[in-house]
Amino acid sequence: MAATLGLVLDCADPDRLAAFWSEAIGYTKLGAAGNYVLLVDEAGRQPKLLLQHVSEPKTGKNRMHFDIETPTVDEEVARLEALGAQRIRADAIEEHGNRWVVMADPEGNEFCVCNAGQAG
């Protein structure tokens, strides 16, 4: 059996981020225990996302970030802003046929909304 990928995001408030990320990417909160909240894709096609409480604050740029891929970047950015995300850069970036907006979740974790080369 091949290995699968699970993602872990360190955060100050797993419940708060669970509310944001479940709406942002359509995941379901499977449960919580102690310092952890687990979000899953009900279809089982995407990696699990474990939100882990840590006491130390975020101090720099993430070394890894999520890309939310969609052909309708501007509409998705507006939807995510309504959920509590913020733009890190005001303008979209365009490079090599791709367009993306750099954003942050409610705790400041960076992610991008990008078209992944898809026409919008």
# chains A, B, ... in the order shown; residues from 1 in each chain; ligands from 1

call {"tool": "select_by_dssp", "arguments": {"residues": "stretch 40-119 of chain A", "states": "helix (DSSP H, G or I)", "output": "list in words"}}
result
Val73, Asp74, Glu75, Glu76, Val77, Ala78, Arg79, Leu80, Glu81, Ala82 and Leu83 of chain A

call {"tool": "write_last_selection", "arguments": {"atoms": "N, CA and C atoms", "output": "CSV table (one decimal), in the first residue's frame"}}
result
chain,number,residue,atom,x,y,z
A,73,VAL,N,-10.1,33.2,-9.7
A,73,VAL,CA,-9.2,33.7,-8.6
A,73,VAL,C,-9.9,34.9,-7.8
A,74,ASP,N,-10.4,35.9,-8.5
A,74,ASP,CA,-10.9,37.1,-7.8
A,74,ASP,C,-12.2,36.7,-7.0
A,75,GLU,N,-13.0,35.9,-7.5
A,75,GLU,CA,-14.2,35.5,-6.8
A,75,GLU,C,-13.9,34.7,-5.6
A,76,GLU,N,-12.9,33.8,-5.7
A,76,GLU,CA,-12.5,33.0,-4.5
A,76,GLU,C,-11.8,33.9,-3.5
A,77,VAL,N,-11.0,34.8,-3.9
A,77,VAL,CA,-10.4,35.8,-3.0
A,77,VAL,C,-11.5,36.5,-2.2
A,78,ALA,N,-12.5,37.0,-2.8
A,78,ALA,CA,-13.5,37.7,-2.2
A,78,ALA,C,-14.3,36.8,-1.2
A,79,ARG,N,-14.5,35.6,-1.5
A,79,ARG,CA,-15.2,34.6,-0.7
A,79,ARG,C,-14.3,34.4,0.6
A,80,LEU,N,-13.0,34.2,0.4
A,80,LEU,CA,-12.2,33.9,1.5
A,80,LEU,C,-12.0,35.1,2.4
A,81,GLU,N,-12.0,36.3,1.8
A,81,GLU,CA,-11.9,37.6,2.7
A,81,GLU,C,-13.2,37.6,3.5
A,82,ALA,N,-14.3,37.2,3.0
A,82,ALA,CA,-15.6,37.3,3.8
A,82,ALA,C,-15.5,36.3,5.0
A,83,LEU,N,-14.7,35.2,4.8
A,83,LEU,CA,-14.5,34.2,5.9
A,83,LEU,C,-13.5,34.6,6.9

call {"tool": "closest_atom_pairs", "arguments": {"of": "stretch 12-42 of chain A", "to": "stretch 90-112 of chain A", "cutoff": "9 Å", "atoms": "only C-alpha atoms", "output": "JSON lines"}}
result
{"residue": "A:Ala12", "atom": "CA", "partner": "A:Glu107", "partner_atom": "CA", "distance": 7.6}
{"residue": "A:Asp13", "atom": "CA", "partner": "A:Glu107", "partner_atom": "CA", "distance": 8.3}
{"residue": "A:Arg16", "atom": "CA", "partner": "A:Pro106", "partner_atom": "CA", "distance": 8.2}
{"residue": "A:Leu17", "atom": "CA", "partner": "A:Pro106", "partner_atom": "CA", "distance": 7.1}
{"residue": "A:Phe20", "atom": "CA", "partner": "A:Asp105", "partner_atom": "CA", "distance": 7.6}
{"residue": "A:Trp21", "atom": "CA", "partner": "A:Asp105", "partner_atom": "CA", "distance": 8.2}

call {"tool": "residues_around", "arguments": {"residues": "A:Cys11", "least_positions_apart": "5", "cutoff": "8 Å", "atoms": "only C-alpha atoms", "output": "CSV table (one decimal) with N, CA and C atoms, in the first residue's frame"}}
result
chain,number,residue,atom,x,y,z
A,17,LEU,N,-9.3,28.2,13.7
A,17,LEU,CA,-8.8,27.9,12.3
A,17,LEU,C,-9.6,26.7,11.7
A,51,LEU,N,-5.0,20.4,12.7
A,51,LEU,CA,-4.7,21.7,13.3
A,51,LEU,C,-4.2,21.4,14.7
A,52,GLN,N,-2.9,21.8,15.0
A,52,GLN,CA,-2.3,21.5,16.2
A,52,GLN,C,-2.0,22.8,17.0
A,53,HIS,N,-2.5,22.8,18.2
A,53,HIS,CA,-2.2,23.9,19.1
A,53,HIS,C,-0.7,23.9,19.5
A,54,VAL,N,-0.1,25.1,19.3
A,54,VAL,CA,1.3,25.3,19.8
A,54,VAL,C,1.3,26.6,20.6
A,57,PRO,N,4.3,31.8,19.2
A,57,PRO,CA,3.7,32.5,18.1
A,57,PRO,C,4.4,32.3,16.8
A,58,LYS,N,3.7,32.5,15.7
A,58,LYS,CA,4.2,32.5,14.4
A,58,LYS,C,5.2,33.8,14.3
A,107,GLU,N,-4.9,33.5,11.4
A,107,GLU,CA,-3.8,33.6,12.3
A,107,GLU,C,-2.5,34.0,11.6

call {"tool": "residues_around", "arguments": {"residues": "A:Val40", "least_positions_apart": "4", "cutoff": "12 Å", "atoms": "only C-alpha atoms", "output": "PyMOL selection string"}}
result
chain A and resi 6-8+18+21-23+25-31+44-51

call {"tool": "write_last_selection", "arguments": {"atoms": "N, CA, C and O atoms", "output": "PDB file, in the first residue's frame"}}
result
ATOM      1  N   GLY A   6      -0.618  13.549   4.883  1.00  0.00           N
ATOM      2  CA  GLY A   6      -1.433  14.277   5.847  1.00  0.00           C
ATOM      3  C   GLY A   6      -0.741  15.596   6.128  1.00  0.00           C
ATOM      4  O   GLY A   6       0.491  15.668   6.142  1.00  0.00           O
ATOM      5  N   LEU A   7      -1.491  16.641   6.331  1.00  0.00           N
ATOM      6  CA  LEU A   7      -0.930  17.966   6.583  1.00  0.00           C
ATOM      7  C   LEU A   7      -1.187  18.360   8.031  1.00  0.00           C
ATOM      8  O   LEU A   7      -2.262  18.082   8.570  1.00  0.00           O
ATOM      9  N   VAL A   8      -0.221  19.016   8.655  1.00  0.00           N
ATOM     10  CA  VAL A   8      -0.357  19.504  10.021  1.00  0.00           C
ATOM     11  C   VAL A   8      -0.045  20.991  10.008  1.00  0.00           C
ATOM     12  O   VAL A   8       0.985  21.409   9.472  1.00  0.00           O
ATOM     13  N   ALA A  18     -10.166  25.821  12.454  1.00  0.00           N
ATOM     14  CA  ALA A  18     -11.004  24.756  11.885  1.00  0.00           C
ATOM     15  C   ALA A  18     -12.238  25.363  11.234  1.00  0.00           C
ATOM     16  O   ALA A  18     -12.648  24.948  10.145  1.00  0.00           O
ATOM     17  N   TRP A  21     -10.828  27.061   7.887  1.00  0.00           N
ATOM     18  CA  TRP A  21     -10.362  26.149   6.844  1.00  0.00           C
ATOM     19  C   TRP A  21     -11.441  25.190   6.368  1.00  0.00           C
ATOM     20  O   TRP A  21     -11.473  24.822   5.192  1.00  0.00           O
ATOM     21  N   SER A  22     -12.356  24.780   7.231  1.00  0.00           N
ATOM     22  CA  SER A  22     -13.428  23.895   6.761  1.00  0.00           C
ATOM     23  C   SER A  22     -14.306  24.613   5.743  1.00  0.00           C
ATOM     24  O   SER A  22     -14.691  24.031   4.725  1.00  0.00           O
ATOM     25  N   GLU A  23     -14.594  25.886   5.961  1.00  0.00           N
ATOM     26  CA  GLU A  23     -15.355  26.676   4.987  1.00  0.00           C
ATOM     27  C   GLU A  23     -14.520  27.001   3.755  1.00  0.00           C
ATOM     28  O   GLU A  23     -15.016  26.998   2.629  1.00  0.00           O
ATOM     29  N   ILE A  25     -12.006  25.346   2.302  1.00  0.00           N
ATOM     30  CA  ILE A  25     -11.691  24.266   1.378  1.00  0.00           C
ATOM     31  C   ILE A  25     -12.726  23.145   1.359  1.00  0.00           C
ATOM     32  O   ILE A  25     -12.516  22.112   0.724  1.00  0.00           O
ATOM     33  N   GLY A  26     -13.845  23.343   2.051  1.00  0.00           N
ATOM     34  CA  GLY A  26     -14.926  22.361   1.991  1.00  0.00           C
ATOM     35  C   GLY A  26     -14.664  21.091   2.775  1.00  0.00           C
ATOM     36  O   GLY A  26     -15.222  20.041   2.460  1.00  0.00           O
ATOM     37  N   TYR A  27     -13.833  21.158   3.788  1.00  0.00           N
ATOM     38  CA  TYR A  27     -13.565  20.000   4.629  1.00  0.00           C
ATOM     39  C   TYR A  27     -14.581  19.931   5.768  1.00  0.00           C
ATOM     40  O   TYR A  27     -15.246  20.908   6.093  1.00  0.00           O
ATOM     41  N   THR A  28     -14.638  18.775   6.405  1.00  0.00           N
ATOM     42  CA  THR A  28     -15.514  18.531   7.545  1.00  0.00           C
ATOM     43  C   THR A  28     -14.663  18.312   8.786  1.00  0.00           C
ATOM     44  O   THR A  28     -13.645  17.621   8.731  1.00  0.00           O
ATOM     45  N   LYS A  29     -15.106  18.882   9.898  1.00  0.00           N
ATOM     46  CA  LYS A  29     -14.411  18.646  11.168  1.00  0.00           C
ATOM     47  C   LYS A  29     -14.766  17.238  11.631  1.00  0.00           C
ATOM     48  O   LYS A  29     -15.922  16.930  11.904  1.00  0.00           O
ATOM     49  N   LEU A  30     -13.764  16.372  11.697  1.00  0.00           N
ATOM     50  CA  LEU A  30     -13.989  14.995  12.101  1.00  0.00           C
ATOM     51  C   LEU A  30     -14.022  14.867  13.610  1.00  0.00           C
ATOM     52  O   LEU A  30     -14.782  14.081  14.162  1.00  0.00           O
ATOM     53  N   GLY A  31     -13.204  15.660  14.283  1.00  0.00           N
ATOM     54  CA  GLY A  31     -13.185  15.601  15.737  1.00  0.00           C
ATOM     55  C   GLY A  31     -12.058  16.427  16.306  1.00  0.00           C
ATOM     56  O   GLY A  31     -11.244  16.991  15.579  1.00  0.00           O
ATOM     57  N   GLY A  44     -12.592  11.598   0.699  1.00  0.00           N
ATOM     58  CA  GLY A  44     -11.366  10.863   0.933  1.00  0.00           C
ATOM     59  C   GLY A  44     -10.309  11.004  -0.151  1.00  0.00           C
ATOM     60  O   GLY A  44      -9.371  10.222  -0.204  1.00  0.00           O
ATOM     61  N   ARG A  45     -10.450  12.002  -1.004  1.00  0.00           N
ATOM     62  CA  ARG A  45      -9.488  12.181  -2.101  1.00  0.00           C
ATOM     63  C   ARG A  45      -8.367  13.158  -1.765  1.00  0.00           C
ATOM     64  O   ARG A  45      -7.336  13.156  -2.420  1.00  0.00           O
ATOM     65  N   GLN A  46      -8.582  14.003  -0.780  1.00  0.00           N
ATOM     66  CA  GLN A  46      -7.590  15.020  -0.421  1.00  0.00           C
ATOM     67  C   GLN A  46      -6.930  14.656   0.910  1.00  0.00           C
ATOM     68  O   GLN A  46      -7.491  13.895   1.700  1.00  0.00           O
ATOM     69  N   PRO A  47      -5.745  15.213   1.189  1.00  0.00           N
ATOM     70  CA  PRO A  47      -5.077  14.904   2.459  1.00  0.00           C
ATOM     71  C   PRO A  47      -5.854  15.422   3.658  1.00  0.00           C
ATOM     72  O   PRO A  47      -6.567  16.426   3.576  1.00  0.00           O
ATOM     73  N   LYS A  48      -5.704  14.744   4.776  1.00  0.00           N
ATOM     74  CA  LYS A  48      -6.274  15.219   6.043  1.00  0.00           C
ATOM     75  C   LYS A  48      -5.522  16.484   6.459  1.00  0.00           C
ATOM     76  O   LYS A  48      -4.350  16.660   6.119  1.00  0.00           O
ATOM     77  N   LEU A  49      -6.192  17.346   7.202  1.00  0.00           N
ATOM     78  CA  LEU A  49      -5.560  18.550   7.745  1.00  0.00           C
ATOM     79  C   LEU A  49      -5.738  18.531   9.257  1.00  0.00           C
ATOM     80  O   LEU A  49      -6.858  18.627   9.761  1.00  0.00           O
ATOM     81  N   LEU A  50      -4.635  18.379   9.967  1.00  0.00           N
ATOM     82  CA  LEU A  50      -4.642  18.373  11.425  1.00  0.00           C
ATOM     83  C   LEU A  50      -4.183  19.738  11.916  1.00  0.00           C
ATOM     84  O   LEU A  50      -3.089  20.202  11.567  1.00  0.00           O
ATOM     85  N   LEU A  51      -5.010  20.393  12.687  1.00  0.00           N
ATOM     86  CA  LEU A  51      -4.674  21.686  13.270  1.00  0.00           C
ATOM     87  C   LEU A  51      -4.174  21.415  14.684  1.00  0.00           C
ATOM     88  O   LEU A  51      -4.876  20.812  15.494  1.00  0.00           O
TER      89      LEU A  51
END

call {"tool": "select_by_dssp", "arguments": {"residues": "stretch 18-107 of chain A", "states": "strand (DSSP E)", "output": "MDAnalysis selection string"}}
result
chainID A and resid 28:33 36:40 48:53 66:69 86:87 93:95 98:104

call {"tool": "closest_residue", "arguments": {"among": "A:Leu38, A:Glu69, A:Asp10, A:Asp15", "to": "A:Glu56", "atoms": "only C-alpha atoms"}}
result
A:Asp10

call {"tool": "closest_residue", "arguments": {"among": "A:Asp41, A:Ala85, A:Pro14, A:Pro71", "to": "A:Ser55", "atoms": "only C-alpha atoms"}}
result
A:Pro14

call {"tool": "closest_residue", "arguments": {"among": "A:Leu9, A:Ala24, A:Ala43, A:Asn35", "to": "A:Gly84", "atoms": "only C-alpha atoms"}}
result
A:Ala24

call {"tool": "decode", "arguments": {"residues": "stretch 7-40 of chain A", "atoms": "N, CA, C and O atoms", "output": "PDB file, in the first residue's frame"}}
result
ATOM      1  N   LEU A   7      -1.491  16.641   6.331  1.00  0.00           N
ATOM      2  CA  LEU A   7      -0.930  17.966   6.583  1.00  0.00           C
ATOM      3  C   LEU A   7      -1.187  18.360   8.031  1.00  0.00           C
ATOM      4  O   LEU A   7      -2.262  18.082   8.570  1.00  0.00           O
ATOM      5  N   VAL A   8      -0.221  19.016   8.655  1.00  0.00           N
ATOM      6  CA  VAL A   8      -0.357  19.504  10.021  1.00  0.00           C
ATOM      7  C   VAL A   8      -0.045  20.991  10.008  1.00  0.00           C
ATOM      8  O   VAL A   8       0.985  21.409   9.472  1.00  0.00           O
ATOM      9  N   LEU A   9      -0.941  21.782  10.575  1.00  0.00           N
ATOM     10  CA  LEU A   9      -0.743  23.227  10.646  1.00  0.00           C
ATOM     11  C   LEU A   9      -0.690  23.632  12.115  1.00  0.00           C
ATOM     12  O   LEU A   9      -1.665  23.453  12.855  1.00  0.00           O
ATOM     13  N   ASP A  10       0.463  24.149  12.553  1.00  0.00           N
ATOM     14  CA  ASP A  10       0.590  24.659  13.915  1.00  0.00           C
ATOM     15  C   ASP A  10      -0.199  25.951  14.032  1.00  0.00           C
ATOM     16  O   ASP A  10      -0.198  26.776  13.111  1.00  0.00           O
ATOM     17  N   CYS A  11      -0.858  26.138  15.178  1.00  0.00           N
ATOM     18  CA  CYS A  11      -1.683  27.332  15.348  1.00  0.00           C
ATOM     19  C   CYS A  11      -1.932  27.612  16.824  1.00  0.00           C
ATOM     20  O   CYS A  11      -1.697  26.763  17.674  1.00  0.00           O
ATOM     21  N   ALA A  12      -2.411  28.794  17.105  1.00  0.00           N
ATOM     22  CA  ALA A  12      -2.734  29.188  18.476  1.00  0.00           C
ATOM     23  C   ALA A  12      -4.125  28.725  18.882  1.00  0.00           C
ATOM     24  O   ALA A  12      -4.361  28.387  20.039  1.00  0.00           O
ATOM     25  N   ASP A  13      -5.068  28.688  17.932  1.00  0.00           N
ATOM     26  CA  ASP A  13      -6.464  28.355  18.244  1.00  0.00           C
ATOM     27  C   ASP A  13      -7.019  27.395  17.188  1.00  0.00           C
ATOM     28  O   ASP A  13      -7.606  27.828  16.193  1.00  0.00           O
ATOM     29  N   PRO A  14      -6.841  26.085  17.390  1.00  0.00           N
ATOM     30  CA  PRO A  14      -7.291  25.111  16.394  1.00  0.00           C
ATOM     31  C   PRO A  14      -8.783  25.197  16.065  1.00  0.00           C
ATOM     32  O   PRO A  14      -9.167  25.032  14.909  1.00  0.00           O
ATOM     33  N   ASP A  15      -9.616  25.470  17.046  1.00  0.00           N
ATOM     34  CA  ASP A  15     -11.062  25.561  16.774  1.00  0.00           C
ATOM     35  C   ASP A  15     -11.385  26.725  15.849  1.00  0.00           C
ATOM     36  O   ASP A  15     -12.190  26.592  14.929  1.00  0.00           O
ATOM     37  N   ARG A  16     -10.758  27.860  16.085  1.00  0.00           N
ATOM     38  CA  ARG A  16     -10.974  29.042  15.230  1.00  0.00           C
ATOM     39  C   ARG A  16     -10.520  28.759  13.802  1.00  0.00           C
ATOM     40  O   ARG A  16     -11.226  29.059  12.835  1.00  0.00           O
ATOM     41  N   LEU A  17      -9.330  28.163  13.655  1.00  0.00           N
ATOM     42  CA  LEU A  17      -8.846  27.870  12.312  1.00  0.00           C
ATOM     43  C   LEU A  17      -9.639  26.748  11.659  1.00  0.00           C
ATOM     44  O   LEU A  17      -9.789  26.735  10.441  1.00  0.00           O
ATOM     45  N   ALA A  18     -10.166  25.821  12.454  1.00  0.00           N
ATOM     46  CA  ALA A  18     -11.004  24.756  11.885  1.00  0.00           C
ATOM     47  C   ALA A  18     -12.238  25.363  11.234  1.00  0.00           C
ATOM     48  O   ALA A  18     -12.648  24.948  10.145  1.00  0.00           O
ATOM     49  N   ALA A  19     -12.829  26.351  11.879  1.00  0.00           N
ATOM     50  CA  ALA A  19     -13.998  27.018  11.298  1.00  0.00           C
ATOM     51  C   ALA A  19     -13.629  27.689   9.972  1.00  0.00           C
ATOM     52  O   ALA A  19     -14.367  27.580   8.979  1.00  0.00           O
ATOM     53  N   PHE A  20     -12.479  28.360   9.935  1.00  0.00           N
ATOM     54  CA  PHE A  20     -12.056  29.021   8.706  1.00  0.00           C
ATOM     55  C   PHE A  20     -11.741  28.005   7.611  1.00  0.00           C
ATOM     56  O   PHE A  20     -12.284  28.071   6.509  1.00  0.00           O
ATOM     57  N   TRP A  21     -10.828  27.061   7.887  1.00  0.00           N
ATOM     58  CA  TRP A  21     -10.362  26.149   6.844  1.00  0.00           C
ATOM     59  C   TRP A  21     -11.441  25.190   6.368  1.00  0.00           C
ATOM     60  O   TRP A  21     -11.473  24.822   5.192  1.00  0.00           O
ATOM     61  N   SER A  22     -12.356  24.780   7.231  1.00  0.00           N
ATOM     62  CA  SER A  22     -13.428  23.895   6.761  1.00  0.00           C
ATOM     63  C   SER A  22     -14.306  24.613   5.743  1.00  0.00           C
ATOM     64  O   SER A  22     -14.691  24.031   4.725  1.00  0.00           O
ATOM     65  N   GLU A  23     -14.594  25.886   5.961  1.00  0.00           N
ATOM     66  CA  GLU A  23     -15.355  26.676   4.987  1.00  0.00           C
ATOM     67  C   GLU A  23     -14.520  27.001   3.755  1.00  0.00           C
ATOM     68  O   GLU A  23     -15.016  26.998   2.629  1.00  0.00           O
ATOM     69  N   ALA A  24     -13.242  27.291   3.964  1.00  0.00           N
ATOM     70  CA  ALA A  24     -12.381  27.697   2.854  1.00  0.00           C
ATOM     71  C   ALA A  24     -12.197  26.582   1.834  1.00  0.00           C
ATOM     72  O   ALA A  24     -12.224  26.834   0.625  1.00  0.00           O
ATOM     73  N   ILE A  25     -12.006  25.346   2.302  1.00  0.00           N
ATOM     74  CA  ILE A  25     -11.691  24.266   1.378  1.00  0.00           C
ATOM     75  C   ILE A  25     -12.726  23.145   1.359  1.00  0.00           C
ATOM     76  O   ILE A  25     -12.516  22.112   0.724  1.00  0.00           O
ATOM     77  N   GLY A  26     -13.845  23.343   2.051  1.00  0.00           N
ATOM     78  CA  GLY A  26     -14.926  22.361   1.991  1.00  0.00           C
ATOM     79  C   GLY A  26     -14.664  21.091   2.775  1.00  0.00           C
ATOM     80  O   GLY A  26     -15.222  20.041   2.460  1.00  0.00           O
ATOM     81  N   TYR A  27     -13.833  21.158   3.788  1.00  0.00           N
ATOM     82  CA  TYR A  27     -13.565  20.000   4.629  1.00  0.00           C
ATOM     83  C   TYR A  27     -14.581  19.931   5.768  1.00  0.00           C
ATOM     84  O   TYR A  27     -15.246  20.908   6.093  1.00  0.00           O
ATOM     85  N   THR A  28     -14.638  18.775   6.405  1.00  0.00           N
ATOM     86  CA  THR A  28     -15.514  18.531   7.545  1.00  0.00           C
ATOM     87  C   THR A  28     -14.663  18.312   8.786  1.00  0.00           C
ATOM     88  O   THR A  28     -13.645  17.621   8.731  1.00  0.00           O
ATOM     89  N   LYS A  29     -15.106  18.882   9.898  1.00  0.00           N
ATOM     90  CA  LYS A  29     -14.411  18.646  11.168  1.00  0.00           C
ATOM     91  C   LYS A  29     -14.766  17.238  11.631  1.00  0.00           C
ATOM     92  O   LYS A  29     -15.922  16.930  11.904  1.00  0.00           O
ATOM     93  N   LEU A  30     -13.764  16.372  11.697  1.00  0.00           N
ATOM     94  CA  LEU A  30     -13.989  14.995  12.101  1.00  0.00           C
ATOM     95  C   LEU A  30     -14.022  14.867  13.610  1.00  0.00           C
ATOM     96  O   LEU A  30     -14.782  14.081  14.162  1.00  0.00           O
ATOM     97  N   GLY A  31     -13.204  15.660  14.283  1.00  0.00           N
ATOM     98  CA  GLY A  31     -13.185  15.601  15.737  1.00  0.00           C
ATOM     99  C   GLY A  31     -12.058  16.427  16.306  1.00  0.00           C
ATOM    100  O   GLY A  31     -11.244  16.991  15.579  1.00  0.00           O
ATOM    101  N   ALA A  32     -12.036  16.472  17.638  1.00  0.00           N
ATOM    102  CA  ALA A  32     -11.011  17.217  18.354  1.00  0.00           C
ATOM    103  C   ALA A  32     -10.618  16.412  19.588  1.00  0.00           C
ATOM    104  O   ALA A  32     -11.454  15.727  20.180  1.00  0.00           O
ATOM    105  N   ALA A  33      -9.347  16.506  19.944  1.00  0.00           N
ATOM    106  CA  ALA A  33      -8.851  15.855  21.154  1.00  0.00           C
ATOM    107  C   ALA A  33      -7.651  16.645  21.651  1.00  0.00           C
ATOM    108  O   ALA A  33      -6.676  16.834  20.912  1.00  0.00           O
ATOM    109  N   GLY A  34      -7.739  17.121  22.859  1.00  0.00           N
ATOM    110  CA  GLY A  34      -6.621  17.862  23.441  1.00  0.00           C
ATOM    111  C   GLY A  34      -6.228  19.046  22.604  1.00  0.00           C
ATOM    112  O   GLY A  34      -7.028  19.962  22.384  1.00  0.00           O
ATOM    113  N   ASN A  35      -5.014  19.032  22.094  1.00  0.00           N
ATOM    114  CA  ASN A  35      -4.465  20.144  21.315  1.00  0.00           C
ATOM    115  C   ASN A  35      -4.738  20.031  19.823  1.00  0.00           C
ATOM    116  O   ASN A  35      -4.149  20.780  19.042  1.00  0.00           O
ATOM    117  N   TYR A  36      -5.597  19.122  19.390  1.00  0.00           N
ATOM    118  CA  TYR A  36      -5.752  18.830  17.972  1.00  0.00           C
ATOM    119  C   TYR A  36      -7.200  18.911  17.503  1.00  0.00           C
ATOM    120  O   TYR A  36      -8.116  18.533  18.217  1.00  0.00           O
ATOM    121  N   VAL A  37      -7.356  19.373  16.273  1.00  0.00           N
ATOM    122  CA  VAL A  37      -8.636  19.315  15.561  1.00  0.00           C
ATOM    123  C   VAL A  37      -8.330  18.740  14.181  1.00  0.00           C
ATOM    124  O   VAL A  37      -7.413  19.210  13.500  1.00  0.00           O
ATOM    125  N   LEU A  38      -9.105  17.730  13.785  1.00  0.00           N
ATOM    126  CA  LEU A  38      -8.870  17.064  12.511  1.00  0.00           C
ATOM    127  C   LEU A  38      -9.955  17.421  11.508  1.00  0.00           C
ATOM    128  O   LEU A  38     -11.147  17.258  11.792  1.00  0.00           O
ATOM    129  N   LEU A  39      -9.525  17.894  10.325  1.00  0.00           N
ATOM    130  CA  LEU A  39     -10.423  18.185   9.214  1.00  0.00           C
ATOM    131  C   LEU A  39     -10.166  17.181   8.106  1.00  0.00           C
ATOM    132  O   LEU A  39      -9.013  16.829   7.838  1.00  0.00           O
ATOM    133  N   VAL A  40     -11.245  16.732   7.460  1.00  0.00           N
ATOM    134  CA  VAL A  40     -11.102  15.748   6.386  1.00  0.00           C
ATOM    135  C   VAL A  40     -11.969  16.122   5.195  1.00  0.00           C
ATOM    136  O   VAL A  40     -12.986  16.793   5.330  1.00  0.00           O
TER     137      VAL A  40
END
